[in-house]
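Asker: For reference, the structure I am asking about is given below.
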Amino acid sequence: MNQQDAPKPETTKAELDPIFKAQVKRLHQLNVYGRWLLVSILWITLGPLSVWGWRYEISLLRSHFTWAAVRYGILYNRLPVMGMVICVAMTTSVLVWQSRNILWGMPPAEQKLLEQQVQRISQQGSSHPLWKWVCKS
């Protein structure tokens, strides 16, 4: 088998077009900012409500810390617990997602999805809400 018969690796539009590559990068940045905005909104709204729901248990823990008091606070105040779990879980998931992208790069499937989204945004034009941030230079 000579080199002419060897299969050629597929090249995506992002590898060929630097403008398209920059658009994909801007869409990824918008995705990162959107995730952190969601986490911030959760901590600004749900976090204080959860702490407010735990105000009696927090005062009890401050005066007499025991594991029984912690257990009581968790078992009998499920809504505040769920609020804090949601806040911590979303923060952790965004941190892990962003750390993975920084350390090992973006997975090819996610890269392809971003490229497809940029193509859809470009095709729709200025009527798409993200067009002015992604495609407009």
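Every chain in the structure tokens has a letter given in the order shown (A, B, ...), and although residue numbers restart at 1 in each chain, ligands are simply numbered from 1 in the order shown.
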Which residues of range 8-108 of chain A come within 9 Å of range 117-126 of chain A, and what is each one's closest atom pair and distance in Å (one decimal), counting only C-alpha atoms, sorted by chain and residue number, as CSV?

Answerer:
```
residue,atom,partner,partner_atom,distance
A:Phe20,CA,A:Val118,CA,8.0
A:Gln23,CA,A:Val118,CA,6.9
A:Val24,CA,A:Val118,CA,6.3
A:Leu27,CA,A:Val118,CA,7.3
```

Asker: Mind the document's chain letters and residue numbers, and return as a PyMOL selection string the residues of range 1-93 of chain A that DSSP labels helix (DSSP H, G or I).

Answerer: chain A and resi 13-16+18-53+55-63+67-75+78-93

Asker: Would you list the contacts of Leu79 in chain A as an MDAnalysis selection string, taking every protein, DNA or RNA residue within 10 Å and counting only C-alpha atoms, but skipping same-chain residues closer than 3 positions in sequence?

Answerer: chainID A and resid 49:50 53:54 74:76 82:85

Asker: Considering only C-alpha atoms, state which residue in the set A:Leu114, A:Arg62, A:Trp97, A:Gly47 is at the smallest distance from Pro80 in chain A.

Answerer: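 Nearest candidate to Pro80 in chain A out of A:Leu114, A:Arg62, A:Trp97, A:Gly47: A:Gly47.
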
Asker: Which residue out of A:His28, A:Arg35, A:Pro129, A:Ala89 has the minimum interatomic distance to Lys112 in chain A when only C-alpha atoms are used?

Answerer: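 For Lys112 in chain A, the nearest of the given residues is A:His28.
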
Asker: To one decimal place, how far is CA of Ala22 in chain A from CA of Ser99 in chain A in Å?

Answerer: 20.9 Å

Asker: Ranking A:Leu30, A:Val88, A:Ile58, A:Val39 by minimum distance to Lys132 in chain A and counting only C-alpha atoms, which one comes first?

Answerer: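 Smallest distance to Lys132 in chain A is found for A:Leu30.
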